[in-house]
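Asker: Data: my_file-v1.cif, mmCIF, C-alpha atoms and all ligand atoms.
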data_final
#
loop_
_atom_site.label_atom_id
_atom_site.label_comp_id
_atom_site.auth_asym_id
_atom_site.auth_seq_id
_atom_site.Cartn_x
_atom_site.Cartn_y
_atom_site.Cartn_z
CA MET A 290 27.54 39.36 37.66
CA GLY A 291 26.83 42.85 36.29
CA LEU A 292 27.43 44.39 32.92
CA PRO A 293 30.89 44.16 31.34
CA ALA A 294 33.36 46.68 32.83
CA GLY A 295 33.58 48.78 29.67
CA GLN A 296 29.86 49.32 29.53
CA ALA A 297 29.55 49.95 33.29
CA ASN A 298 32.09 52.80 33.01
CA ASP A 299 30.42 54.45 30.04
CA ALA A 300 29.40 58.13 30.32
CA GLY A 301 25.77 58.88 31.12
CA GLU A 302 24.91 60.06 27.60
CA SER A 303 26.23 57.01 25.90
CA ARG A 304 24.55 54.83 28.51
CA LYS A 305 21.24 56.50 27.74
CA ALA A 306 21.87 56.03 24.03
CA LEU A 307 22.69 52.39 24.59
CA ARG A 308 19.68 51.70 26.86
CA PRO A 309 17.14 50.98 24.10
CA LEU A 310 19.67 48.73 22.40
CA ARG A 311 20.43 46.97 25.66
CA THR A 312 16.70 46.58 26.39
CA MET A 313 16.28 45.11 22.91
CA ALA A 314 19.21 42.78 23.52
CA ILE A 315 17.75 41.63 26.85
CA ARG A 316 14.35 41.16 25.24
CA PHE A 317 15.96 39.28 22.38
CA SER A 318 17.92 37.00 24.68
CA LEU A 319 14.80 36.41 26.80
CA THR A 320 12.86 35.50 23.67
CA PHE A 321 15.75 33.26 22.66
CA VAL A 322 15.77 31.54 26.06
CA ILE A 323 11.99 31.00 25.91
CA LEU A 324 12.18 29.72 22.34
CA ARG A 325 15.00 27.40 23.29
CA ALA A 326 12.99 26.10 26.25
CA LEU A 327 9.95 25.55 24.02
CA LEU A 328 12.07 23.79 21.42
CA PHE A 329 13.57 21.57 24.09
CA ALA A 330 10.09 20.74 25.44
CA ALA A 331 8.94 19.89 21.91
CA LEU A 332 11.94 17.66 21.35
CA VAL A 333 11.33 15.91 24.67
CA ALA A 334 7.69 15.37 23.67
CA VAL A 335 8.73 13.96 20.30
CA PHE A 336 11.49 11.73 21.60
CA ARG A 337 9.99 10.75 24.95
CA PRO A 338 8.75 7.43 23.58
CA ALA A 339 12.30 6.59 22.51
CA PHE A 340 13.67 7.48 25.95
CA ALA A 341 11.03 5.37 27.68
CA ALA A 342 11.42 2.34 25.42
CA PRO A 343 14.17 -0.08 26.28
CA VAL A 344 13.64 -1.90 22.97
CA PRO A 345 14.28 0.06 19.76
CA PRO A 346 11.31 -0.23 17.36
CA THR A 347 13.41 -2.12 14.80
CA ALA A 348 13.99 -4.92 17.33
CA LEU A 349 10.27 -5.48 17.89
CA PRO A 350 8.83 -8.71 16.47
CA PHE A 351 5.86 -6.71 15.13
CA MET A 352 5.10 -3.38 13.46
CA LEU A 353 2.85 -1.02 15.37
CA LYS A 354 0.37 0.85 13.16
CA GLU A 355 -2.09 3.43 14.49
CA VAL A 356 -5.24 2.60 12.52
CA GLY A 357 -7.51 5.01 14.38
CA GLN A 358 -7.06 7.51 17.19
CA GLY A 359 -5.62 5.43 20.05
CA VAL A 360 -6.26 2.19 18.15
CA TYR A 361 -3.19 0.19 17.15
CA ALA A 362 -2.65 -2.87 14.98
CA ALA A 363 0.46 -4.89 15.85
CA ILE A 364 1.36 -6.60 12.59
CA ASP A 365 3.62 -9.65 12.69
CA GLY A 366 7.05 -8.89 11.19
CA PRO A 367 8.48 -10.46 8.03
CA GLU A 368 10.24 -13.15 10.06
CA HIS A 369 6.94 -14.14 11.74
CA LYS A 370 8.51 -14.02 15.19
CA ALA A 371 5.24 -12.88 16.79
CA GLY A 372 3.32 -15.71 15.06
CA SER A 373 0.21 -13.62 14.36
CA ASN A 374 -1.18 -10.10 14.56
CA ALA A 375 -2.51 -8.43 17.70
CA GLY A 376 -3.60 -4.91 18.61
CA PHE A 377 -4.95 -2.65 21.31
CA VAL A 378 -7.43 0.14 22.03
CA ILE A 379 -6.62 2.98 24.41
CA GLY A 380 -9.78 4.27 26.09
CA ASP A 381 -10.41 7.00 28.68
CA ASP A 382 -9.48 4.90 31.65
CA GLY A 383 -7.71 1.82 30.37
CA VAL A 384 -6.52 -0.33 27.53
CA LEU A 385 -8.13 -3.33 25.82
CA VAL A 386 -5.72 -5.65 24.00
CA VAL A 387 -6.73 -7.95 21.14
CA ASP A 388 -4.86 -11.29 21.15
CA SER A 389 -1.42 -11.97 22.63
CA PHE A 390 0.72 -13.46 19.82
CA PHE A 391 2.37 -16.88 19.96
CA THR A 392 5.41 -16.17 22.11
CA PRO A 393 5.49 -14.70 25.61
CA ASP A 394 8.42 -12.51 24.45
CA ALA A 395 6.31 -10.89 21.75
CA ALA A 396 3.46 -10.34 24.24
CA GLN A 397 5.94 -8.79 26.69
CA ALA A 398 7.17 -6.47 23.94
CA LEU A 399 3.55 -5.48 23.27
CA VAL A 400 3.04 -4.67 26.95
CA GLY A 401 6.20 -2.52 26.75
CA GLU A 402 4.87 -0.63 23.74
CA ILE A 403 1.52 0.00 25.44
CA HIS A 404 3.27 1.36 28.55
CA ARG A 405 5.42 3.53 26.30
CA LEU A 406 2.31 5.07 24.69
CA THR A 407 0.05 5.46 27.70
CA ALA A 408 0.10 5.44 31.49
CA LYS A 409 -3.42 3.95 31.53
CA PRO A 410 -3.75 0.42 32.90
CA ILE A 411 -4.10 -2.65 30.68
CA ARG A 412 -7.55 -3.90 31.70
CA TYR A 413 -8.53 -6.60 29.20
CA VAL A 414 -7.18 -8.94 26.58
CA VAL A 415 -9.78 -10.38 24.21
CA ASN A 416 -8.79 -13.61 22.45
CA THR A 417 -10.30 -13.84 18.97
CA HIS A 418 -10.09 -17.66 19.23
CA TYR A 419 -8.21 -20.42 21.03
CA HIS A 420 -5.31 -21.06 18.58
CA ALA A 421 -1.96 -20.76 20.35
CA ASP A 422 -0.57 -18.26 17.85
CA HIS A 423 -3.18 -15.82 19.26
CA THR A 424 -3.28 -16.91 22.93
CA GLY A 425 0.34 -17.96 23.57
CA GLY A 426 1.22 -14.69 25.32
CA ASP A 427 -1.93 -14.42 27.48
CA GLN A 428 0.00 -14.92 30.71
CA ALA A 429 2.16 -11.85 29.99
CA LEU A 430 -1.02 -9.81 29.53
CA ARG A 431 -2.53 -11.23 32.70
CA ASP A 432 0.67 -10.43 34.60
CA ALA A 433 0.32 -6.87 33.28
CA GLY A 434 -3.16 -6.67 34.87
CA ALA A 435 -5.49 -7.85 32.11
CA ILE A 436 -8.65 -9.90 32.51
CA ILE A 437 -8.75 -12.53 29.74
CA ILE A 438 -12.01 -12.46 27.75
CA ALA A 439 -12.78 -15.22 25.25
CA HIS A 440 -15.54 -17.25 23.65
CA ARG A 441 -16.77 -19.88 26.12
CA ASN A 442 -15.34 -22.70 23.97
CA VAL A 443 -11.81 -21.29 24.31
CA ARG A 444 -11.79 -22.30 27.96
CA SER A 445 -12.30 -25.96 27.10
CA TRP A 446 -10.10 -26.01 23.98
CA VAL A 447 -7.05 -23.85 24.67
CA ARG A 448 -5.06 -26.49 26.60
CA THR A 449 -6.16 -29.52 24.59
CA ASN A 450 -7.03 -28.79 20.96
CA ASN A 451 -3.94 -26.67 20.43
CA ILE A 452 -1.94 -29.90 20.37
CA ASN A 453 -3.70 -30.81 17.08
CA LEU A 454 -2.85 -27.45 15.58
CA PHE A 455 0.84 -28.37 15.40
CA GLY A 456 0.37 -31.90 14.08
CA ASP A 457 3.75 -33.60 13.54
CA ARG A 458 5.56 -30.36 14.47
CA ILE A 459 4.61 -30.66 18.15
CA THR A 460 7.52 -30.90 20.61
CA PRO A 461 7.56 -31.80 24.33
CA GLU A 462 8.35 -28.14 25.14
CA LEU A 463 5.40 -26.92 23.11
CA LYS A 464 3.12 -29.52 24.70
CA ALA A 465 4.13 -28.30 28.15
CA ARG A 466 3.60 -24.67 27.17
CA ILE A 467 0.13 -25.42 25.78
CA ALA A 468 -0.83 -27.35 28.93
CA ALA A 469 0.11 -24.30 31.01
CA LEU A 470 -1.76 -21.68 28.96
CA PRO A 471 -4.00 -19.58 31.20
CA LEU A 472 -7.74 -20.19 30.98
CA PRO A 473 -9.92 -17.16 30.20
CA ASP A 474 -11.46 -15.33 33.17
CA LEU A 475 -14.59 -14.13 31.44
CA THR A 476 -16.27 -16.25 28.78
CA THR A 477 -19.24 -15.63 26.55
CA ASP A 478 -21.23 -17.12 23.70
CA LYS A 479 -23.03 -13.82 23.14
CA ASP A 480 -22.06 -10.36 21.94
CA LEU A 481 -20.57 -8.06 24.58
CA VAL A 482 -19.98 -4.34 24.92
CA VAL A 483 -16.85 -3.35 26.83
CA TRP A 484 -16.67 0.29 27.94
CA LEU A 485 -13.29 1.93 28.35
CA GLY A 486 -14.71 5.03 30.06
CA SER A 487 -16.75 6.63 27.29
CA ARG A 488 -15.11 4.53 24.56
CA LYS A 489 -17.25 1.69 23.28
CA VAL A 490 -15.76 -1.60 22.13
CA VAL A 491 -18.11 -4.19 20.65
CA VAL A 492 -17.16 -7.87 20.95
CA ARG A 493 -19.15 -10.10 18.60
CA THR A 494 -19.44 -13.86 18.25
CA VAL A 495 -18.94 -14.97 14.66
CA LEU A 496 -18.84 -18.31 12.83
CA GLY A 497 -16.27 -19.89 10.57
CA HIS A 498 -12.70 -20.28 11.79
CA THR A 499 -12.91 -22.51 14.89
CA GLY A 500 -16.42 -22.61 16.35
CA GLY A 501 -15.39 -20.20 19.11
CA ASP A 502 -14.58 -16.95 17.31
CA LEU A 503 -14.89 -13.31 18.39
CA THR A 504 -14.36 -10.06 16.51
CA ILE A 505 -13.66 -6.73 18.18
CA PHE A 506 -15.08 -3.50 16.73
CA VAL A 507 -14.24 0.06 17.74
CA PRO A 508 -17.15 2.09 16.30
CA ASP A 509 -15.71 5.59 16.85
CA ALA A 510 -12.55 4.66 14.90
CA LYS A 511 -14.19 2.26 12.40
CA VAL A 512 -11.66 -0.45 13.20
CA LEU A 513 -12.61 -4.14 13.11
CA PHE A 514 -10.17 -6.66 14.57
CA CYS A 515 -11.13 -9.77 12.60
CA GLY A 516 -8.85 -12.39 14.12
CA ASP A 517 -8.46 -15.29 11.69
CA MET A 518 -11.78 -14.58 10.03
CA LEU A 519 -9.55 -12.52 7.69
CA TRP A 520 -6.10 -13.24 6.26
CA ARG A 521 -4.50 -10.78 3.87
CA LYS A 522 -2.63 -12.37 0.97
CA VAL A 523 -1.72 -15.40 3.08
CA ALA A 524 -3.24 -18.87 2.72
CA PRO A 525 -5.53 -19.42 5.73
CA ASN A 526 -5.48 -22.40 8.07
CA LEU A 527 -8.74 -24.31 7.61
CA ILE A 528 -7.99 -27.01 10.21
CA ASP A 529 -11.00 -26.19 12.43
CA GLY A 530 -12.97 -24.14 9.93
CA SER A 531 -16.18 -24.27 7.98
CA VAL A 532 -15.60 -22.47 4.69
CA LYS A 533 -19.34 -22.13 4.25
CA GLU A 534 -19.78 -20.26 7.56
CA TRP A 535 -16.51 -18.39 7.10
CA ALA A 536 -17.46 -16.96 3.68
CA ALA A 537 -20.81 -15.85 5.13
CA THR A 538 -19.06 -14.01 7.98
CA ASP A 539 -16.74 -12.26 5.52
CA ALA A 540 -19.81 -11.23 3.49
CA ASP A 541 -21.13 -9.66 6.72
CA PHE A 542 -17.83 -7.77 7.12
CA MET A 543 -18.24 -6.40 3.59
CA ALA A 544 -21.83 -5.33 4.35
CA MET A 545 -20.89 -3.29 7.44
CA PRO A 546 -22.11 0.32 7.45
CA ASP A 547 -19.58 2.59 5.71
CA ALA A 548 -17.40 -0.45 4.91
CA ALA A 549 -15.31 1.61 2.46
CA HIS A 550 -13.88 3.50 5.45
CA VAL A 551 -13.44 0.58 7.84
CA HIS A 552 -9.92 -0.57 8.75
CA TYR A 553 -9.95 -4.36 8.96
CA VAL A 554 -7.14 -5.84 11.05
CA PRO A 555 -6.58 -9.45 9.92
CA GLY A 556 -5.18 -12.29 12.02
CA HIS A 557 -2.30 -12.65 9.53
CA GLY A 558 -1.04 -10.21 6.91
CA ASP A 559 -1.08 -6.43 6.77
CA VAL A 560 -3.92 -4.05 7.69
CA ALA A 561 -6.72 -4.52 5.17
CA ASP A 562 -9.59 -2.64 3.55
CA VAL A 563 -12.94 -3.89 2.28
CA LYS A 564 -11.39 -4.88 -1.08
CA ASP A 565 -9.00 -7.19 0.78
CA VAL A 566 -11.97 -8.75 2.58
CA GLU A 567 -13.61 -9.35 -0.79
CA GLU A 568 -10.37 -10.85 -2.13
CA PHE A 569 -10.01 -13.15 0.87
CA ARG A 570 -13.62 -14.30 0.59
CA GLY A 571 -12.93 -14.92 -3.12
CA TYR A 572 -9.95 -17.07 -2.14
CA LEU A 573 -12.11 -19.21 0.16
CA LEU A 574 -14.72 -19.59 -2.57
CA ASP A 575 -11.98 -20.54 -5.07
CA VAL A 576 -10.79 -23.33 -2.76
CA GLN A 577 -14.39 -24.51 -2.44
CA HIS A 578 -15.06 -24.30 -6.18
CA LEU A 579 -11.80 -25.97 -7.32
CA VAL A 580 -12.09 -28.83 -4.83
CA THR A 581 -15.73 -29.35 -5.82
CA GLU A 582 -14.66 -29.64 -9.49
CA GLY A 583 -11.86 -32.06 -8.61
CA ARG A 584 -14.27 -34.23 -6.63
CA GLN A 585 -16.72 -34.23 -9.52
CA ALA A 586 -13.86 -35.47 -11.76
CA GLY A 587 -13.36 -38.36 -9.34
CA LEU A 588 -10.03 -37.12 -7.98
CA LYS A 589 -8.94 -37.86 -4.43
CA ASP A 590 -5.95 -37.59 -2.08
CA ASP A 591 -2.68 -36.66 -3.85
CA ALA A 592 -4.32 -36.53 -7.29
CA LEU A 593 -6.81 -33.98 -5.99
CA THR A 594 -4.00 -31.88 -4.49
CA GLN A 595 -1.92 -32.09 -7.69
CA ALA A 596 -4.90 -30.90 -9.75
CA VAL A 597 -6.12 -28.11 -7.47
CA ALA A 598 -2.97 -26.54 -5.93
CA PRO A 599 -1.47 -25.10 -9.16
CA ARG A 600 -4.83 -23.65 -10.21
CA LEU A 601 -5.33 -22.06 -6.79
CA LYS A 602 -1.85 -20.51 -6.89
CA ALA A 603 -2.40 -19.27 -10.44
CA LEU A 604 -5.60 -17.49 -9.37
CA HIS A 605 -3.73 -15.72 -6.53
CA PRO A 606 -0.19 -15.11 -7.80
CA ASP A 607 0.65 -12.44 -5.20
CA TRP A 608 -0.37 -14.63 -2.23
CA ALA A 609 1.95 -16.57 0.05
CA ILE A 610 0.73 -20.16 -0.46
CA SER A 611 3.21 -22.85 0.57
CA ASP A 612 2.83 -26.36 -0.82
CA ARG A 613 2.14 -27.58 2.69
CA ALA A 614 -0.61 -24.96 3.22
CA ALA A 615 -2.22 -25.67 -0.16
CA ALA A 616 -2.27 -29.43 0.48
CA ALA A 617 -3.83 -28.93 3.92
CA GLU A 618 -6.48 -26.53 2.60
CA ILE A 619 -7.46 -28.94 -0.15
CA ARG A 620 -7.67 -31.86 2.29
CA TYR A 621 -9.80 -29.92 4.78
CA MET A 622 -12.05 -28.55 2.03
CA ASN A 623 -12.52 -32.04 0.66
CA GLU A 624 -13.49 -33.29 4.13
CA GLU A 625 -15.97 -30.44 4.56
CA LEU A 626 -17.60 -31.22 1.22
CA ALA A 627 -17.63 -34.95 2.01
CA GLY A 628 -19.23 -34.29 5.42
CA THR A 629 -16.33 -35.98 7.26
CA LYS A 630 -14.62 -32.85 8.60
CA ARG A 631 -13.80 -33.02 12.31
CA ARG A 632 -14.21 -29.72 14.09
CA PRO A 633 -13.58 -28.96 17.77
CA VAL A 634 -16.59 -30.04 19.80
CA PRO A 635 -18.07 -27.54 22.24
CA VAL A 636 -17.88 -28.81 25.81
CA ASP A 637 -20.99 -27.92 27.72
CA SER A 638 -19.31 -26.27 30.66
CA GLU A 639 -21.26 -24.53 33.38
ZN ZN B 701 -6.27 -19.33 13.97
#
As structure tokens, how would this structure be written, given the file I've shared?

Answerer:
Amino acid sequence: MGLPAGQANDAGESRKALRPLRTMAIRFSLTFVILRALLFAALVAVFRPAFAAPVPPTALPFMLKEVGQGVYAAIDGPEHKAGSNAGFVIGDDGVLVVDSFFTPDAAQALVGEIHRLTAKPIRYVVNTHYHADHTGGDQALRDAGAIIIAHRNVRSWVRTNNINLFGDRITPELKARIAALPLPDLTTDKDLVVWLGSRKVVVRTVLGHTGGDLTIFVPDAKVLFCGDMLWRKVAPNLIDGSVKEWAATDADFMAMPDAAHVHYVPGHGDVADVKDVEEFRGYLLDVQHLVTEGRQAGLKDDALTQAVAPRLKALHPDWAISDRAAAAEIRYMNEELAGTKRRPVPVDSE
């Protein structure tokens, strides 16, 4: 199509007069077309994640938070559908995932989010410890291509000791699921460095929560995935723990270089800073101190719980401490102080 008939029939003079205007108009419309194309490209870039994601973010059982460049914390939602926190690190040539939640559905949703954010392959999942609320989705990660890395004790505990974790809440379905949990592919009782291309990820063995605990540190982003060595404003589960060792590990977290700028990702609760680590360590020491006092006053069993639980709650009014959790903490602390605490026993596997 040419110019409109009226313009095409114009006399030469008026055509000449119009030429600069027409040139301007063509230039303007070209600029407009280019701008529109750029705007469209920008919109596609912004909304591409939404197009690629079958699950809207509000339907996810966790909240994804970028805590460093390419480092994400996946924080369990308010309904606790994921069961715990997880996270992942995107490196040059692949992705390392930290923990896999409790449910395979939540782990599958995490895999979906990773694929939405990067085309790089999922290469590893590191379990911070054997508890099923952190390892329950391992198979989904393995199916997505990950090698499962864990403390050596996880291999001997993940299918057996998890039964104890649920106590009287265990069901036949849960028993079957625990018995089918995948065993880790790569186990260690020493610190490890995992390289994602040029990106360094440091896996450390630590003491306190189960006897088979790992933390995952990303030095270039100052992010420490603490697993259940840290809980933020939630009463911790002491079932397999040693409060003495645990408080020492949290003191080490606080003494990290440049701790004021470290992002600490807890096993439960929101992303934390060094003050939260101090508060959590204070909570552990309060449990220890209050139970010690109760024991010195000759209190035991229910009387000990009745004396200690209200004082513990009063010291931490903004914490989520259920009666059941408080009673369990006091019982386990009492056993630790009495020297009768049963902890998972390392199996000397080859
Ligand atoms: Zn745990």

Asker: From the set A:Ala524, A:Ala596, A:Ala537, A:Ala421, which residue has the shortest atom-to-atom contact distance to ligand ZN 701 (chain B), counting all atoms listed in the file?

Answerer: A:Ala421

Asker: What's the separation between atom CA of A:Gly497 and atom CA of A:Phe391, in Å to one decimal place?

Answerer: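 Straight-line distance from atom CA of A:Gly497 to atom CA of A:Phe391 works out to 21.1 Å.
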
Asker: Ligand ZN 701 (chain B): which residues are within 9 Å, counting all atoms listed in the file, as a PyMOL selection string?

Answerer: chain A and resi 373+417-423+454+498-499+516-518+525-529+556-557

Asker: Within 7 Å of (-16.8, -15.7, 24.4) (coordinates as in the file), grab all the protein and nucleic acid residues, counting all atoms listed in the file, and write them out as a list in words.

Answerer: Ile438, Ala439, His440, Arg441, Thr476, Thr477, Asp478, Lys479, Thr494 and Leu503 of chain A

Asker: Can you work out the spacing between atom CA of A:His404 and atom CA of A:Ile379 in Å, to one decimal?

Answerer: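 Value for the atom CA of A:His404-atom CA of A:Ile379 distance: 10.8 Å.
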
Asker: Taking into account only C-alpha atoms, which residue in the set A:Asp575, A:Glu624, A:Glu368, A:Asp432 is nearest to A:Ala396?

Answerer: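 Smallest separation from A:Ala396 among the options: A:Asp432.
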
Asker: Calculated over only C-alpha atoms, which of the candidates A:Gly583, A:Pro555, A:Gly383, A:Gly501 has the smallest distance to A:Pro635?

Answerer: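 Nearest to A:Pro635: A:Gly501.
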
Asker: Give me the residues within 8 Å of A:Val384 as a list in words, counting all atoms listed in the file and dropping any in the same chain fewer than 5 places off.

Answerer: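 Here the qualifying residues turn out to be Phe377, Val378, Ile379, Lys409, Pro410, Ile411, Arg412, Tyr413 and Leu485 of chain A.
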
Asker: Would you export the selected residues with C-alpha atoms as a PDB file, in the frame of the given file, please?

Answerer:
ATOM      1  CA  PHE A 377      -4.950  -2.650  21.310  1.00  0.00           C
ATOM      2  CA  VAL A 378      -7.430   0.140  22.030  1.00  0.00           C
ATOM      3  CA  ILE A 379      -6.620   2.980  24.410  1.00  0.00           C
ATOM      4  CA  LYS A 409      -3.420   3.950  31.530  1.00  0.00           C
ATOM      5  CA  PRO A 410      -3.750   0.420  32.900  1.00  0.00           C
ATOM      6  CA  ILE A 411      -4.100  -2.650  30.680  1.00  0.00           C
ATOM      7  CA  ARG A 412      -7.550  -3.900  31.700  1.00  0.00           C
ATOM      8  CA  TYR A 413      -8.530  -6.600  29.200  1.00  0.00           C
ATOM      9  CA  LEU A 485     -13.290   1.930  28.350  1.00  0.00           C
TER      10      LEU A 485
END

Asker: Looking at only C-alpha atoms, which of A:Leu470, A:Leu430, A:Leu574, A:Ala616 is the one that sits closest to A:Thr594?

Answerer: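 For A:Thr594, the nearest of the given residues is A:Ala616.
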
Asker: Point out the residue among A:Ala375, A:Ala408, A:Ile452, A:Val491 with the least atom-to-atom distance to A:Thr424, counting only C-alpha atoms.

Answerer: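 Among the listed residues, the smallest separation from A:Thr424 belongs to A:Ala375.
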